[in-house]
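Remarks on the structure that follows.
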Amino acid sequence: MTAAEIIETEVRELIRRRDIDPVREPAAIRLLIGDVLADYADRSLTGALPVLADPPSLGRQVFDSVAGLGPLQRFLDDPDVEEIWVNGPGRVFVARRGRSELTTTILSDGQIQDLVERMLKNSGRRVDLSTPFVDASLPDGSRLHVVIPDVTRENWAVNIRKFVARASSLDELVGLGTLTPPAARFLEGAIAAGLNVIVSGGTQAGKTTLLNCLASAIPGRERVISCEEVFELRLGLPDWVPMQTRQPNLEGAGEIPLRRLVTEALRMRPSRIIVGEVRQAECLDLLIALNSGLPGMCSVHANSAREAIAKLCTLPLLAGENVSSAFVIPAVAATVHLVVHTEAEASGQRRVQEIIGVSGRVEDGVIETCDIFATRAGRLVRADGYPPHAARFARAGLDVAALLADEPLRIPQRPVASVPFAQVVAGSVPIRVGEG
């Protein structure tokens, strides 16, 4: 056995004897490793054991093995790494500031499966032949997603998306270049006024971070209920109840879908509701909740702000055949007030590209929208549109004109675009989504 194997074996034996939980008692593990290293150093003076060349490095390696995620732990500890994914034994990738790279780390199939088992240990979730997909949260807030064969062709596919808190407020987003000061000032006022805001963007575009920062503008007196598939939001509000979905048990019972969470949230006396991301029929439940006078926010995958509105008009139709476009389109127009679209540039920089307002009017299947902020020449600038519900701003003591003042550049609105929903959902009424 090598020196590392000897020390790790002794550490694991002491952990077993003393009944120490490596995940919950990392400080005790570090002390124990220090004692084992000191004892090993004394024994190595007799010549019976090889002398350690770098005890601190070996101590970190043993700690990562028994209390962390082994070879992957150094990437979790690296603040520049945003995501880690494993495609196979010799294919471990990381993303640093939006750019991916292949690492030199090599894991065996057994190591990958052991690491996944360790990550799922405290989550209450499982992955097996009957449940080949799993989403779970790690103790540090990172999000784990695993897919196993025969859904994948040969190897386990593991993704760990770290929660990299580069910003926790709109002002910090301004400092990072994601938002301009006028746009941040306007969004802060819109949240305080109780407008319903949709955050749209692609994968890794910074939607969750932006949603967190928008939530920081919620008045502290409000009671906020959040619903997510896996815990990702870090709101830090004084009266906040986070909820996440649950997988079915081995008997197929006990599942709690996102739709159920949205429904239950309405019974918890919320002042505002936040849904981490809408992907399916839960969009209908969110629209119904927002249509009851309850302010809220959510995120959605989309390529633009207007495509986000188009998607919100489509997803509720998945709830059942009795849900029609004739109900959904007016509901979206009435409940969605602002859409904030963010994108990740080739450099890895996340930027808000546009902010549009929804007037609430629908004419001949057209949901009227307007540009409030738009990107021109690579910069987010003031456009000609105004947000709906000026009375809500007034009740919050805010002047919409003042929020949007001091921006000399005015952008003409673009022509109306049309989205043929009849091609997306058979039998639905064609809907044209664009500016009024």
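Every chain in the structure tokens has a letter given in the order shown (A, B, ...), and although residue numbers restart at 1 in each chain, ligands are simply numbered from 1 in the order shown.
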Next on the checklist: Quick one: residues within 8 Å of stretch 203-207 of chain A, only C-alpha atoms, excluding same-chain residues fewer than 6 positions away - as a VMD selection string?
Outcome noted: chain A and resid 98 299 301 342 to 344 350
How about saving the chosen residues, all heavy atoms kept, as a CSV table (one decimal), in the first residue's frame?
chain,number,residue,atom,x,y,z
A,98,GLY,N,-18.1,30.5,-18.3
A,98,GLY,CA,-18.8,30.3,-19.5
A,98,GLY,C,-18.1,29.5,-20.6
A,98,GLY,O,-18.7,29.2,-21.6
A,299,SER,N,-38.9,32.1,-14.1
A,299,SER,CA,-38.0,32.1,-15.3
A,299,SER,C,-38.5,31.0,-16.3
A,299,SER,O,-39.2,30.1,-15.9
A,299,SER,CB,-36.5,31.7,-14.8
A,299,SER,OG,-36.4,30.4,-14.4
A,301,HIS,N,-37.1,29.2,-20.3
A,301,HIS,CA,-36.2,29.0,-21.3
A,301,HIS,C,-36.8,29.6,-22.6
A,301,HIS,O,-37.9,29.2,-23.0
A,301,HIS,CB,-35.8,27.6,-21.6
A,301,HIS,CG,-34.7,27.1,-20.7
A,301,HIS,ND1,-34.9,26.5,-19.5
A,301,HIS,CD2,-33.3,27.0,-20.9
A,301,HIS,CE1,-33.8,26.1,-19.0
A,301,HIS,NE2,-32.8,26.5,-19.8
A,342,THR,N,-32.2,37.7,-20.8
A,342,THR,CA,-30.7,37.7,-20.6
A,342,THR,C,-30.0,36.7,-21.4
A,342,THR,O,-30.6,35.6,-21.7
A,342,THR,CB,-30.4,37.4,-19.1
A,342,THR,OG1,-28.9,37.5,-18.9
A,342,THR,CG2,-30.9,36.1,-18.6
A,343,GLU,N,-28.8,36.9,-21.9
A,343,GLU,CA,-28.1,36.0,-22.7
A,343,GLU,C,-26.6,35.9,-22.3
A,343,GLU,O,-26.1,36.8,-21.6
A,343,GLU,CB,-28.1,36.5,-24.2
A,343,GLU,CG,-29.5,36.4,-24.8
A,343,GLU,CD,-29.4,36.8,-26.3
A,343,GLU,OE1,-28.3,37.2,-26.8
A,343,GLU,OE2,-30.5,36.9,-26.9
A,344,ALA,N,-26.0,34.8,-22.6
A,344,ALA,CA,-24.6,34.6,-22.3
A,344,ALA,C,-23.8,34.8,-23.6
A,344,ALA,O,-24.1,34.2,-24.6
A,344,ALA,CB,-24.3,33.2,-21.8
A,350,ARG,N,-22.6,37.5,-19.0
A,350,ARG,CA,-24.0,37.5,-19.1
A,350,ARG,C,-24.5,39.0,-19.1
A,350,ARG,O,-24.1,39.8,-18.3
A,350,ARG,CB,-24.6,36.8,-17.9
A,350,ARG,CG,-24.7,35.3,-18.0
A,350,ARG,CD,-23.4,34.6,-17.6
A,350,ARG,NE,-23.6,33.2,-17.4
A,350,ARG,CZ,-22.6,32.4,-17.1
A,350,ARG,NH1,-21.4,32.9,-17.0
A,350,ARG,NH2,-22.8,31.1,-17.0
Next on the checklist: Applying 10 Å and only C-alpha atoms, which residues near A:Leu173 remain after dropping the ones on its own chain fewer than 4 positions away? List them as a PyMOL selection string.
Outcome noted: chain A and resi 166-169+177-181+184+209-210+213+350-352
Write out, as a compact mmCIF listing (two decimals), in the first residue's frame, the residues just selected, with all heavy atoms.
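Result written to part02.txt:
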# COMPACT_ATOMS: atom_id res chain seq x y z
N ARG A 166 -22.17 35.28 -7.82
CA ARG A 166 -21.38 36.44 -8.23
C ARG A 166 -22.12 37.74 -7.94
O ARG A 166 -21.52 38.80 -7.92
CB ARG A 166 -21.02 36.36 -9.71
CG ARG A 166 -20.27 35.08 -10.08
CD ARG A 166 -19.65 35.20 -11.46
NE ARG A 166 -19.06 33.95 -11.88
CZ ARG A 166 -17.88 33.50 -11.47
NH1 ARG A 166 -17.18 34.20 -10.61
NH2 ARG A 166 -17.39 32.35 -11.92
N ALA A 167 -23.42 37.66 -7.77
CA ALA A 167 -24.21 38.86 -7.48
C ALA A 167 -25.43 38.46 -6.67
O ALA A 167 -26.01 37.38 -6.88
CB ALA A 167 -24.63 39.55 -8.78
N SER A 168 -25.83 39.31 -5.75
CA SER A 168 -27.02 39.06 -4.95
C SER A 168 -27.97 40.25 -4.96
O SER A 168 -28.97 40.24 -4.25
CB SER A 168 -26.63 38.73 -3.51
OG SER A 168 -25.87 39.79 -2.94
N SER A 169 -27.67 41.27 -5.74
CA SER A 169 -28.53 42.44 -5.84
C SER A 169 -28.40 43.04 -7.23
O SER A 169 -27.45 42.75 -7.97
CB SER A 169 -28.16 43.49 -4.78
OG SER A 169 -26.89 44.05 -5.06
N GLY A 177 -21.62 44.42 -15.12
CA GLY A 177 -21.90 44.74 -16.51
C GLY A 177 -23.10 44.03 -17.08
O GLY A 177 -23.36 44.11 -18.28
N THR A 178 -23.85 43.32 -16.23
CA THR A 178 -25.03 42.61 -16.71
C THR A 178 -26.18 43.57 -16.98
O THR A 178 -26.97 43.36 -17.91
CB THR A 178 -25.46 41.55 -15.67
OG1 THR A 178 -24.38 40.64 -15.48
CG2 THR A 178 -26.67 40.78 -16.14
N LEU A 179 -26.29 44.61 -16.17
CA LEU A 179 -27.35 45.59 -16.28
C LEU A 179 -26.76 46.99 -16.34
O LEU A 179 -25.65 47.22 -15.83
CB LEU A 179 -28.28 45.52 -15.06
CG LEU A 179 -29.51 44.61 -15.11
CD1 LEU A 179 -30.20 44.66 -13.74
CD2 LEU A 179 -30.47 45.02 -16.20
N THR A 180 -27.48 47.92 -16.92
CA THR A 180 -27.10 49.33 -16.85
C THR A 180 -27.80 49.96 -15.64
O THR A 180 -28.85 49.46 -15.19
CB THR A 180 -27.52 50.07 -18.12
OG1 THR A 180 -28.95 49.97 -18.28
CG2 THR A 180 -26.83 49.48 -19.35
N PRO A 181 -27.27 51.03 -15.08
CA PRO A 181 -27.91 51.66 -13.92
C PRO A 181 -29.36 52.06 -14.15
O PRO A 181 -30.20 51.82 -13.28
CB PRO A 181 -27.00 52.87 -13.64
CG PRO A 181 -25.66 52.46 -14.16
CD PRO A 181 -25.94 51.63 -15.37
N ALA A 184 -31.50 48.89 -14.01
CA ALA A 184 -31.57 48.36 -12.65
C ALA A 184 -32.51 49.20 -11.80
O ALA A 184 -33.30 48.67 -11.01
CB ALA A 184 -30.17 48.34 -12.03
N THR A 209 -29.55 33.62 -11.27
CA THR A 209 -28.88 34.73 -10.61
C THR A 209 -29.69 36.01 -10.75
O THR A 209 -29.86 36.76 -9.77
CB THR A 209 -27.48 34.93 -11.20
OG1 THR A 209 -26.68 33.77 -10.97
CG2 THR A 209 -26.78 36.13 -10.56
N LEU A 210 -30.21 36.25 -11.94
CA LEU A 210 -31.02 37.44 -12.16
C LEU A 210 -32.30 37.39 -11.32
O LEU A 210 -32.73 38.40 -10.74
CB LEU A 210 -31.36 37.58 -13.64
CG LEU A 210 -32.22 38.78 -14.06
CD1 LEU A 210 -31.60 40.09 -13.58
CD2 LEU A 210 -32.40 38.79 -15.58
N CYS A 213 -31.45 38.28 -7.81
CA CYS A 213 -31.20 39.71 -7.65
C CYS A 213 -32.49 40.52 -7.72
O CYS A 213 -32.65 41.51 -6.99
CB CYS A 213 -30.22 40.19 -8.73
SG CYS A 213 -28.56 39.49 -8.57
N ARG A 350 -22.56 37.52 -19.05
CA ARG A 350 -24.03 37.51 -19.10
C ARG A 350 -24.52 38.95 -19.13
O ARG A 350 -24.06 39.79 -18.34
CB ARG A 350 -24.63 36.82 -17.88
CG ARG A 350 -24.68 35.31 -17.98
CD ARG A 350 -23.41 34.65 -17.60
NE ARG A 350 -23.58 33.21 -17.41
CZ ARG A 350 -22.59 32.39 -17.11
NH1 ARG A 350 -21.37 32.86 -16.95
NH2 ARG A 350 -22.81 31.09 -16.98
N ARG A 351 -25.45 39.22 -20.03
CA ARG A 351 -26.00 40.57 -20.16
C ARG A 351 -27.50 40.50 -20.39
O ARG A 351 -27.99 39.62 -21.10
CB ARG A 351 -25.36 41.33 -21.32
CG ARG A 351 -23.88 41.60 -21.18
CD ARG A 351 -23.38 42.49 -22.31
NE ARG A 351 -21.93 42.55 -22.35
CZ ARG A 351 -21.20 43.37 -21.60
NH1 ARG A 351 -21.81 44.19 -20.77
NH2 ARG A 351 -19.89 43.38 -21.69
N VAL A 352 -28.22 41.44 -19.80
CA VAL A 352 -29.64 41.62 -20.10
C VAL A 352 -29.74 42.28 -21.46
O VAL A 352 -29.16 43.35 -21.69
CB VAL A 352 -30.33 42.47 -19.02
CG1 VAL A 352 -31.75 42.82 -19.45
CG2 VAL A 352 -30.36 41.71 -17.70
Next on the checklist: I'd like to know which of A:Leu286, A:Ile309, A:Ile218, A:Leu69 is closest to A:Leu115, using only C-alpha atoms.
Outcome noted: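 Looking only at the distances to A:Leu115, the closest residue turns out to be A:Leu69.
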Next on the checklist: Excluding A:Ala302 and its own-chain neighbours fewer than 6 positions away, which residues fall within 7 Å of it when counting only C-alpha atoms? Please give them as a VMD selection string.
Outcome noted: chain A and resid 200 to 202 308
Checklist entry - Using the chain letters and numbers from this document, which residues of stretch 178-381 of chain A does DSSP assign to strand (DSSP E or B), as a PyMOL selection string? => result chain A and resi 197-201+224-228+240-244+246+256+272-275+296-301+338-344+350-363+366-376+379-381
Next on the checklist: Can you pull out every residue from stretch 76-181 of chain A that DSSP, working from the backbone, puts in alpha helix (DSSP H), and format the result as a PyMOL selection string?
Outcome noted: chain A and resi 76-77+109-120+170-176+181
Go ahead and save the picked residues with N, CA and C atoms, as a PDB file, in the first residue's frame.
ATOM      1  N   LEU A  76     -15.032  21.778  -7.189  1.00  0.00           N
ATOM      2  CA  LEU A  76     -16.086  22.397  -6.387  1.00  0.00           C
ATOM      3  C   LEU A  76     -15.533  23.527  -5.533  1.00  0.00           C
ATOM      4  N   ASP A  77     -14.275  23.413  -5.108  1.00  0.00           N
ATOM      5  CA  ASP A  77     -13.652  24.447  -4.286  1.00  0.00           C
ATOM      6  C   ASP A  77     -13.119  25.608  -5.109  1.00  0.00           C
ATOM      7  N   ASP A 109     -15.412   3.724 -13.754  1.00  0.00           N
ATOM      8  CA  ASP A 109     -16.865   3.599 -13.666  1.00  0.00           C
ATOM      9  C   ASP A 109     -17.304   3.430 -12.212  1.00  0.00           C
ATOM     10  N   GLY A 110     -16.537   2.637 -11.462  1.00  0.00           N
ATOM     11  CA  GLY A 110     -16.871   2.424 -10.061  1.00  0.00           C
ATOM     12  C   GLY A 110     -16.775   3.709  -9.249  1.00  0.00           C
ATOM     13  N   GLN A 111     -15.751   4.521  -9.514  1.00  0.00           N
ATOM     14  CA  GLN A 111     -15.604   5.782  -8.797  1.00  0.00           C
ATOM     15  C   GLN A 111     -16.771   6.722  -9.090  1.00  0.00           C
ATOM     16  N   ILE A 112     -17.185   6.769 -10.349  1.00  0.00           N
ATOM     17  CA  ILE A 112     -18.307   7.640 -10.725  1.00  0.00           C
ATOM     18  C   ILE A 112     -19.568   7.227  -9.991  1.00  0.00           C
ATOM     19  N   GLN A 113     -19.837   5.934  -9.961  1.00  0.00           N
ATOM     20  CA  GLN A 113     -21.043   5.457  -9.294  1.00  0.00           C
ATOM     21  C   GLN A 113     -20.973   5.674  -7.785  1.00  0.00           C
ATOM     22  N   ASP A 114     -19.784   5.492  -7.193  1.00  0.00           N
ATOM     23  CA  ASP A 114     -19.636   5.739  -5.759  1.00  0.00           C
ATOM     24  C   ASP A 114     -19.842   7.211  -5.434  1.00  0.00           C
ATOM     25  N   LEU A 115     -19.330   8.104  -6.289  1.00  0.00           N
ATOM     26  CA  LEU A 115     -19.488   9.537  -6.062  1.00  0.00           C
ATOM     27  C   LEU A 115     -20.958   9.942  -6.154  1.00  0.00           C
ATOM     28  N   VAL A 116     -21.674   9.384  -7.136  1.00  0.00           N
ATOM     29  CA  VAL A 116     -23.091   9.701  -7.275  1.00  0.00           C
ATOM     30  C   VAL A 116     -23.863   9.212  -6.047  1.00  0.00           C
ATOM     31  N   GLU A 117     -23.553   8.012  -5.589  1.00  0.00           N
ATOM     32  CA  GLU A 117     -24.221   7.466  -4.400  1.00  0.00           C
ATOM     33  C   GLU A 117     -23.963   8.358  -3.186  1.00  0.00           C
ATOM     34  N   ARG A 118     -22.732   8.860  -3.075  1.00  0.00           N
ATOM     35  CA  ARG A 118     -22.401   9.730  -1.952  1.00  0.00           C
ATOM     36  C   ARG A 118     -23.153  11.063  -2.054  1.00  0.00           C
ATOM     37  N   MET A 119     -23.274  11.594  -3.286  1.00  0.00           N
ATOM     38  CA  MET A 119     -23.955  12.870  -3.467  1.00  0.00           C
ATOM     39  C   MET A 119     -25.453  12.764  -3.193  1.00  0.00           C
ATOM     40  N   LEU A 120     -26.024  11.593  -3.474  1.00  0.00           N
ATOM     41  CA  LEU A 120     -27.460  11.415  -3.276  1.00  0.00           C
ATOM     42  C   LEU A 120     -27.813  10.969  -1.859  1.00  0.00           C
ATOM     43  N   LEU A 170     -29.343  43.895  -7.582  1.00  0.00           N
ATOM     44  CA  LEU A 170     -29.308  44.542  -8.893  1.00  0.00           C
ATOM     45  C   LEU A 170     -28.101  45.464  -9.012  1.00  0.00           C
ATOM     46  N   ASP A 171     -27.709  46.098  -7.924  1.00  0.00           N
ATOM     47  CA  ASP A 171     -26.525  46.962  -7.964  1.00  0.00           C
ATOM     48  C   ASP A 171     -25.270  46.162  -8.294  1.00  0.00           C
ATOM     49  N   GLU A 172     -25.190  44.953  -7.767  1.00  0.00           N
ATOM     50  CA  GLU A 172     -24.026  44.114  -8.066  1.00  0.00           C
ATOM     51  C   GLU A 172     -24.041  43.663  -9.521  1.00  0.00           C
ATOM     52  N   LEU A 173     -25.236  43.437 -10.088  1.00  0.00           N
ATOM     53  CA  LEU A 173     -25.315  43.118 -11.510  1.00  0.00           C
ATOM     54  C   LEU A 173     -24.838  44.289 -12.360  1.00  0.00           C
ATOM     55  N   VAL A 174     -25.114  45.498 -11.911  1.00  0.00           N
ATOM     56  CA  VAL A 174     -24.611  46.674 -12.619  1.00  0.00           C
ATOM     57  C   VAL A 174     -23.082  46.684 -12.596  1.00  0.00           C
ATOM     58  N   GLY A 175     -22.510  46.358 -11.437  1.00  0.00           N
ATOM     59  CA  GLY A 175     -21.058  46.308 -11.325  1.00  0.00           C
ATOM     60  C   GLY A 175     -20.426  45.260 -12.215  1.00  0.00           C
ATOM     61  N   LEU A 176     -21.152  44.157 -12.448  1.00  0.00           N
ATOM     62  CA  LEU A 176     -20.642  43.093 -13.321  1.00  0.00           C
ATOM     63  C   LEU A 176     -20.875  43.387 -14.801  1.00  0.00           C
ATOM     64  N   PRO A 181     -27.266  51.026 -15.084  1.00  0.00           N
ATOM     65  CA  PRO A 181     -27.906  51.657 -13.918  1.00  0.00           C
ATOM     66  C   PRO A 181     -29.363  52.058 -14.155  1.00  0.00           C
TER      67      PRO A 181
END
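For the residues A:Asp39, A:Asp384, A:Asp21, A:Glu255, ranking by smallest atom-to-atom distance to A:Ile355 using only C-alpha atoms places A:Asp384 first.
The spacing separating atom CA of A:Val86 from atom CA of A:Gln244 amounts to 25.3 Å.
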Checklist entry - Could you pull the residues within 12 Å of A:Phe393, counting only C-alpha atoms, minus those fewer than 4 positions along the same chain, as an NGL selection string? => result :A and (186-195 or 386-389 or 397-403)
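Compared by their closest atoms to A:Ala67, and using only C-alpha atoms, the residues A:Ile20, A:Leu45, A:Phe163, A:Gly88 rank with A:Ile20 nearest.
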